[in-house]
Every structure is written in C-alpha cells, then in structure tokens.
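Trainee: Could you have a look at this structure, given as structure tokens, before my questions?
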Amino acid sequence: MLSSVFGIFSCTSVDDNEGGYTPPYTGVPLVIYDTDLGSSTDDLIALRMLYNYANEGRCKLLGVVVNREGEDCAAVADVMNTYYGYGYLPIGLERDGVKDPHVFINYKKLYEHTTPQGELMFKRTYSDYSKLPDGWKLYRQLLASQPDNSVSICSTGFISCIAQLLGSEPDEFSPLNGVELVRQKVKCLYLMAGVFTTSEEPDYNFLQAPLFAEEFFDLWPKDVDIVFSPMEVGNEIDYTPETVIQDISWTDIHPIKQVYMTYDCDTGQRMWDPLTVIQAVEGDALFTLSERGIVNLTEHCATVFTPSPTGNCRYQKPVTKAWFTTMLDKMRVIGKP
C-alpha cells in the first residue's frame with residue numbers, strides 16, 4: 001500500500017529537463033499541512049477545510065506532516081484523509097520530536113472507534129505506520145518534485161519537522177541541503193505561532209520545543225516569506241462543541257463529530273489553526289496584516305517583531321467582530337462531505 005501511495009509523487013524534480021529551465025508556477029496553491037494532530041481540534045477543522053478547498057479546485061494538498069510523535073497521531077491523519085477521499089496522500093511521521101508534550105484533548109485512538117455492531121467505524125489506507133517516512137524526509141520528497149517558489153506550508157503545532165528539514169543534507173530526492181531546498185521551492189510559510197502584543201508573552205508551541213524553535217529561527221532563509229497567525233487572533237474565534245455537533249447532524253459516523261461526542265472538547269479550544277489555511281488558499285485580501293519586518297525569538301520563547309521594509313515576516317492582526325464571524329462561518333462544517 002505504501003509504495004503505491006508514494007508512487008503518485010515522482011521523485012524526479014520538475015526542473016530536471018534538458019535545458020534546466022523551471023517554468024514559473026501560476027496554478028492553484030500547492031499546500032503541505034504540518035500539524036500536531038491528537039491534542040487540539042482546530043487541526044481537524046483546518047484539515048477538513050483543505051479537503052474542501054481541494055475539492056473546489058482552489059488548492060492541491062500535497063501531503064500531511066504530523067509533528068506530534070507517535071503512530072497513533074499519524075493514524076488520525078490517515079482516518080481523516082481516507083474519510084474525505086484523500087487516502088492516497090502521503091503522511092510524514094515524527095519520530096524524534098517533542099517528548100511527552102501536554103495533551104489537551106486525547107483523541108489519538110480515534111482509529112479504534114467502533115460502530116454499535118462492533119465493526120471499526122473508520123477505514124484507513126495505511127496498514128503499517130512504522131513504514132511511514134520521517135516528516136522532514138517527506139518534506140524533502142514533496143518539495144523536490146514541485147516547481148520553484150510554489151509551495152505553501154501551513155504549520156500548526158510544533159516546529160520540529162521543519163527544523164529537521166532545514167538541517168537536512170542532500171539525499172536521493174535533491175542535491176540541495178534543507179535550507180537551499182526551502183529557498184528554492186517554498187513560496188510562503190503560514191505559521192500558527194507567535195504573540196505580538198505589548199508584553200513579551202512566550203509562544204506555547206515554541207516553548208514546548210525551544211531547541212527546535214531556535215534552530216528554525218537560525219536557519220529559515222531570510223528571503224522566504226513567513227506569515228505568523230498569532231494566538232491573539234484565533235483567541236477570538238470560538239467554534240463551540242455544541243455547534244460542531246449540530247453542524248454534523250446527518251450522521252454520527254464522522255471523525256470530527258466522534259471526537260466532539262466522545263471526548264471533553266469544552267476546554268477553551270479556539271480556532272487558531274484554520275486561519276493559516278484560509279490565508280494560504282484565499283490570499284491576503286481577507287486579512288489585516290502588519291508591515292514587513294523581522295521576528296526574533298527571545299530566550300523565553302517570546303516573539304519580538306521589528307519593522308523592516310526588507311523583512312520576510314508579517315503577522316495577522318485581530319480586527320472587527322464581524323471579521324471573526326466571517327472567519328468562523330468559513331470554518332463551520334456545514335453540509336455533507
């Protein structure tokens with residue numbers, strides 16, 4: 001099964017032609033989703049949105065990198081991909097990431113849910129998760145086969161797989177090291193991270209993995225854009241458990257509904273992660289963004305923004321109540337899949 005899935009993605013770069021010319025990319029957004037599935041539910045909503053965008057022809061989802069350690073977390077991605085008709089997508093597994101991070105909503109065993117008849121509720125595509133590639137390795141394969149400056153990465157969770165990608169060496173997929181490969185292939189990183197208020201508040205995800213965060217800030221190419229979706233923006237978007245369950249009224253055999261029906265999801269969960277997806281696919285026009293600048297990480301994992309016209313960083317700003325309502329409407333699971 002694994003080899004057939006990965007066969008969809010050629011290991012030969014599109015710029016390996018006789019003249020060495022890579023045509024500019026002018027198509028729909030090419031997206032890699034990098035997520036810490038298995039703890040927060042906004043990841044699930046963001047992933048569902050990507051499937052819907054892809055169904056509408058508004059993006060192409062290249063693969064899912066799971067940055068929370070463990071095969072159970074990869075299995076959640078497999079359940080979601082298969083349920084929504086994207087079982088062929090490759091999945092990257094984190095094997096050497098953040099050790100024993102806090103779990104807010106422990107739905108990692110979603111793949112074991114059964115029907116009242118005792119049958120497994122959800123189909124999966126992969127049979128042996130131990131054979132999945134490391135997340136950073138999947139990045140290298142996917143990036144190498146795409147046009148230059150074409151890939152949008154939506155990163156929601158720990159920065160470990162991206163840090164490992166940046167520190168990677170040339171391999172069978174590309175003669176470039178990780179930094180050079182990112183510089184050549186990535187258009188923009190949409191990163192759910194940062195706090196840009198008057199106080200230097202630590203970022204939660206960076207604080208869980210300070211060494212990975214430090215490596216990321218040191219190595220990320222300064223000529224490749226990053227748009228931060230900070231905590232204070234998503235804080236204002238509350239997709240309540242009651243509304244989620246109501247929005248999926250046609251069935252109980254639905255992975256997102258099962259999470260909300262089975263586990264305690266009334267934890268103050270807000271819809272942080274989908275904002276990266278909305279901007280990656282729909283563009284900047286829907287958002288109020290900071291000026292360009294540089295973001296530095298303090299020793300306490302706070303993010304400090306310094307304006308600079310040549311900087312590669314911007315961040316989303318919270319705006320009006322009506323805007324938050326519009327964003328929530330985009331995220332709601334309305335209608336059958």
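If you're wondering about the labels, chains in the structure tokens are A, B, ... by order shown, residues count from 1 in each chain, ligands from 1 in order shown.
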Find the residues around Pro133 in chain A up to 9 Å (only C-alpha atoms counted), leave out those fewer than 6 positions away in its own chain, and share them as a list in words.

Mentor: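 Final neighbour list, sorted by chain and number: Pro90, Ile91, Gly92, Leu93 and Glu94 of chain A.
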
Trainee: So that I can check the surroundings of range 72-79 of chain A, please list as a PyMOL selection string every protein, DNA and RNA residue that reaches within 6 Å of it, counting only C-alpha atoms and ignoring chain neighbours fewer than 6 positions away.

Mentor: chain A and resi 37-38+108+124

Trainee: Need the shell around range 102-105 of chain A: protein/DNA/RNA residues with any atom at most 9 Å away, counting only C-alpha atoms. Skip same-chain ones fewer than 3 positions apart. Format as a ChimeraX atom specification?

Mentor: /A:38-41,108,208,259,263-265,267,269

Trainee: Which of these residues is nearest to Ser150 in chain A, using only C-alpha atoms: A:Gly293, A:Gly135, A:Pro29, A:Gly234?

Mentor: A:Pro29

Trainee: Neighbours of range 325-329 of chain A within 9 Å (only C-alpha atoms; same-chain residues fewer than 6 positions away dropped), as a PyMOL selection string?

Mentor: chain A and resi 237-239+271+274-275+278

Trainee: Nearest residue to Arg140 in chain A out of A:Glu172, A:Asp36, A:Glu236, A:Glu69, using only C-alpha atoms?

Mentor: A:Glu172

Trainee: Check the smallest atom-to-atom distance from each of A:Ser160, A:Thr35, A:Thr251, A:Ser199 to Phe212 in chain A using only C-alpha atoms, then report the winner.

Mentor: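 Of all the options, A:Ser160 lies closest to Phe212 in chain A.
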
Trainee: Write out as JSON, numbers by chain all residues of range 203-292 of chain A that DSSP puts in alpha helix (DSSP H) for this structure's backbone.

Mentor: {"A": [204, 205, 206, 207, 208, 210, 211, 212, 213, 214, 215, 216, 217, 218, 219, 231, 232, 233, 234, 241, 242, 243, 244, 245, 246, 247, 255, 256, 257, 258, 259, 260, 261, 262, 274, 275, 276, 277, 278, 279, 280, 281, 282]}

Trainee: Just write the chosen residues, N, CA and C atoms, as a CSV table (one decimal), in the first residue's frame.

Mentor:
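Now in part_32.csv:
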chain,number,residue,atom,x,y,z
A,204,TYR,N,3.3,29.3,23.0
A,204,TYR,CA,3.2,28.0,23.5
A,204,TYR,C,4.0,26.9,22.8
A,205,ASN,N,3.8,26.9,21.5
A,205,ASN,CA,4.4,25.8,20.7
A,205,ASN,C,5.9,25.9,20.7
A,206,PHE,N,6.4,27.1,20.6
A,206,PHE,CA,7.9,27.3,20.6
A,206,PHE,C,8.4,26.9,22.0
A,207,LEU,N,7.7,27.2,23.1
A,207,LEU,CA,8.1,26.9,24.4
A,207,LEU,C,8.2,25.4,24.7
A,208,GLN,N,7.4,24.7,24.0
A,208,GLN,CA,7.4,23.2,24.1
A,208,GLN,C,8.6,22.6,23.5
A,210,PRO,N,12.0,24.4,22.6
A,210,PRO,CA,12.9,25.6,22.4
A,210,PRO,C,14.1,25.3,21.5
A,211,LEU,N,14.6,24.1,21.5
A,211,LEU,CA,15.8,23.9,20.7
A,211,LEU,C,15.4,23.8,19.2
A,212,PHE,N,14.3,23.2,18.9
A,212,PHE,CA,13.8,23.2,17.6
A,212,PHE,C,13.4,24.6,17.1
A,213,ALA,N,12.8,25.4,18.0
A,213,ALA,CA,12.5,26.7,17.7
A,213,ALA,C,13.7,27.6,17.4
A,214,GLU,N,14.7,27.4,18.2
A,214,GLU,CA,16.0,28.1,17.9
A,214,GLU,C,16.6,27.8,16.6
A,215,GLU,N,16.6,26.5,16.3
A,215,GLU,CA,17.2,26.0,15.0
A,215,GLU,C,16.3,26.6,13.8
A,216,PHE,N,15.0,26.6,14.0
A,216,PHE,CA,14.2,27.2,12.9
A,216,PHE,C,14.5,28.6,12.7
A,217,PHE,N,14.6,29.4,13.7
A,217,PHE,CA,14.8,30.9,13.6
A,217,PHE,C,16.2,31.1,13.0
A,218,ASP,N,17.2,30.3,13.4
A,218,ASP,CA,18.5,30.4,12.9
A,218,ASP,C,18.7,30.1,11.4
A,219,LEU,N,17.9,29.1,11.0
A,219,LEU,CA,18.2,28.5,9.6
A,219,LEU,C,17.2,28.9,8.6
A,231,MET,N,-1.5,33.9,18.5
A,231,MET,CA,-2.5,33.4,19.4
A,231,MET,C,-3.7,34.4,19.6
A,232,GLU,N,-3.3,35.7,19.6
A,232,GLU,CA,-4.4,36.7,19.9
A,232,GLU,C,-5.4,36.8,18.9
A,233,VAL,N,-5.2,36.3,17.6
A,233,VAL,CA,-6.2,36.4,16.6
A,233,VAL,C,-7.2,35.2,16.7
A,234,GLY,N,-6.6,34.0,16.8
A,234,GLY,CA,-7.5,32.9,16.9
A,234,GLY,C,-8.3,32.8,18.2
A,241,PRO,N,-18.4,23.2,21.0
A,241,PRO,CA,-18.7,21.8,20.8
A,241,PRO,C,-20.1,21.5,20.3
A,242,GLU,N,-21.0,22.3,21.0
A,242,GLU,CA,-22.5,22.1,20.6
A,242,GLU,C,-22.7,22.5,19.2
A,243,THR,N,-22.1,23.5,18.7
A,243,THR,CA,-22.3,23.9,17.3
A,243,THR,C,-21.6,23.0,16.3
A,244,VAL,N,-20.5,22.4,16.7
A,244,VAL,CA,-19.8,21.4,15.8
A,244,VAL,C,-20.8,20.2,15.6
A,245,ILE,N,-21.3,19.7,16.7
A,245,ILE,CA,-22.1,18.5,16.7
A,245,ILE,C,-23.4,18.8,15.9
A,246,GLN,N,-24.0,20.0,16.1
A,246,GLN,CA,-25.2,20.4,15.4
A,246,GLN,C,-24.9,20.5,13.9
A,247,ASP,N,-23.7,21.0,13.5
A,247,ASP,CA,-23.4,21.2,12.1
A,247,ASP,C,-23.2,19.9,11.4
A,255,PRO,N,-15.5,11.5,11.6
A,255,PRO,CA,-14.3,11.6,12.5
A,255,PRO,C,-14.4,12.8,13.4
A,256,ILE,N,-14.7,14.0,12.9
A,256,ILE,CA,-14.7,15.2,13.7
A,256,ILE,C,-15.8,15.1,14.8
A,257,LYS,N,-17.0,14.7,14.3
A,257,LYS,CA,-18.1,14.6,15.3
A,257,LYS,C,-17.8,13.6,16.4
A,258,GLN,N,-17.2,12.4,16.0
A,258,GLN,CA,-16.8,11.4,17.0
A,258,GLN,C,-15.9,12.0,18.1
A,259,VAL,N,-15.0,12.8,17.7
A,259,VAL,CA,-14.1,13.5,18.6
A,259,VAL,C,-14.9,14.4,19.6
A,260,TYR,N,-15.8,15.1,19.0
A,260,TYR,CA,-16.6,16.0,19.9
A,260,TYR,C,-17.7,15.3,20.7
A,261,MET,N,-18.1,14.2,20.3
A,261,MET,CA,-19.1,13.4,21.0
A,261,MET,C,-18.4,12.6,22.1
A,262,THR,N,-17.2,12.1,21.9
A,262,THR,CA,-16.5,11.2,22.8
A,262,THR,C,-15.7,11.8,23.9
A,274,PRO,N,-7.0,27.0,11.6
A,274,PRO,CA,-7.6,27.2,10.3
A,274,PRO,C,-7.3,28.6,9.6
A,275,LEU,N,-6.9,29.5,10.4
A,275,LEU,CA,-6.5,30.9,9.8
A,275,LEU,C,-5.3,30.8,8.9
A,276,THR,N,-4.4,29.8,9.2
A,276,THR,CA,-3.3,29.7,8.3
A,276,THR,C,-3.7,29.1,6.9
A,277,VAL,N,-4.7,28.2,7.0
A,277,VAL,CA,-5.2,27.6,5.8
A,277,VAL,C,-6.0,28.6,4.9
A,278,ILE,N,-6.8,29.4,5.6
A,278,ILE,CA,-7.6,30.4,4.8
A,278,ILE,C,-6.7,31.3,4.1
A,279,GLN,N,-5.7,31.8,4.7
A,279,GLN,CA,-4.8,32.8,4.1
A,279,GLN,C,-4.0,32.1,3.0
A,280,ALA,N,-3.5,30.9,3.2
A,280,ALA,CA,-2.7,30.2,2.2
A,280,ALA,C,-3.5,30.0,0.9
A,281,VAL,N,-4.8,29.7,1.1
A,281,VAL,CA,-5.6,29.4,-0.1
A,281,VAL,C,-6.3,30.6,-0.7
A,282,GLU,N,-6.9,31.4,0.2
A,282,GLU,CA,-7.7,32.6,-0.3
A,282,GLU,C,-6.9,33.8,-0.4

Trainee: Just want the 10 Å neighbourhood of Asn149 in chain A, counted on only C-alpha atoms, with same-chain residues fewer than 6 positions away dropped. Output as a list in words.

Mentor: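 Those residues are Pro24, Tyr25, Leu143, Val182, Arg183, Gln184, Lys185, Val186, Lys187, Cys188 and Val224 of chain A.
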
Trainee: Between A:Leu181, A:Cys313, A:Leu138, A:Leu297, single out the one closest to Lys222 in chain A, counting only C-alpha atoms.

Mentor: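 With only C-alpha atoms as the atom set, the closest residue is A:Cys313.
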
Trainee: Smallest atom-to-atom distance to Glu119 in chain A: which of A:Ile253, A:Val31, A:Leu176, A:Ala54, using only C-alpha atoms?

Mentor: A:Ile253

Trainee: Residues near Ser155 in chain A, anyone? I mean within 8 Å using only C-alpha atoms, not counting same-chain ones fewer than 4 positions away, as a count of residues only.

Mentor: 9

Trainee: Can you work out which one of A:Lys330, A:Lys131, A:Lys60, A:Lys99 has the shortest atom-to-atom distance to Ser152 in chain A, counting only C-alpha atoms?

Mentor: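 Looking only at the distances to Ser152 in chain A, the closest residue turns out to be A:Lys60.
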
Trainee: Neighbours of Leu165 in chain A within 7 Å (only C-alpha atoms; same-chain residues fewer than 2 positions away dropped), as a PyMOL selection string?

Mentor: chain A and resi 136+139+161-163+167-168+178
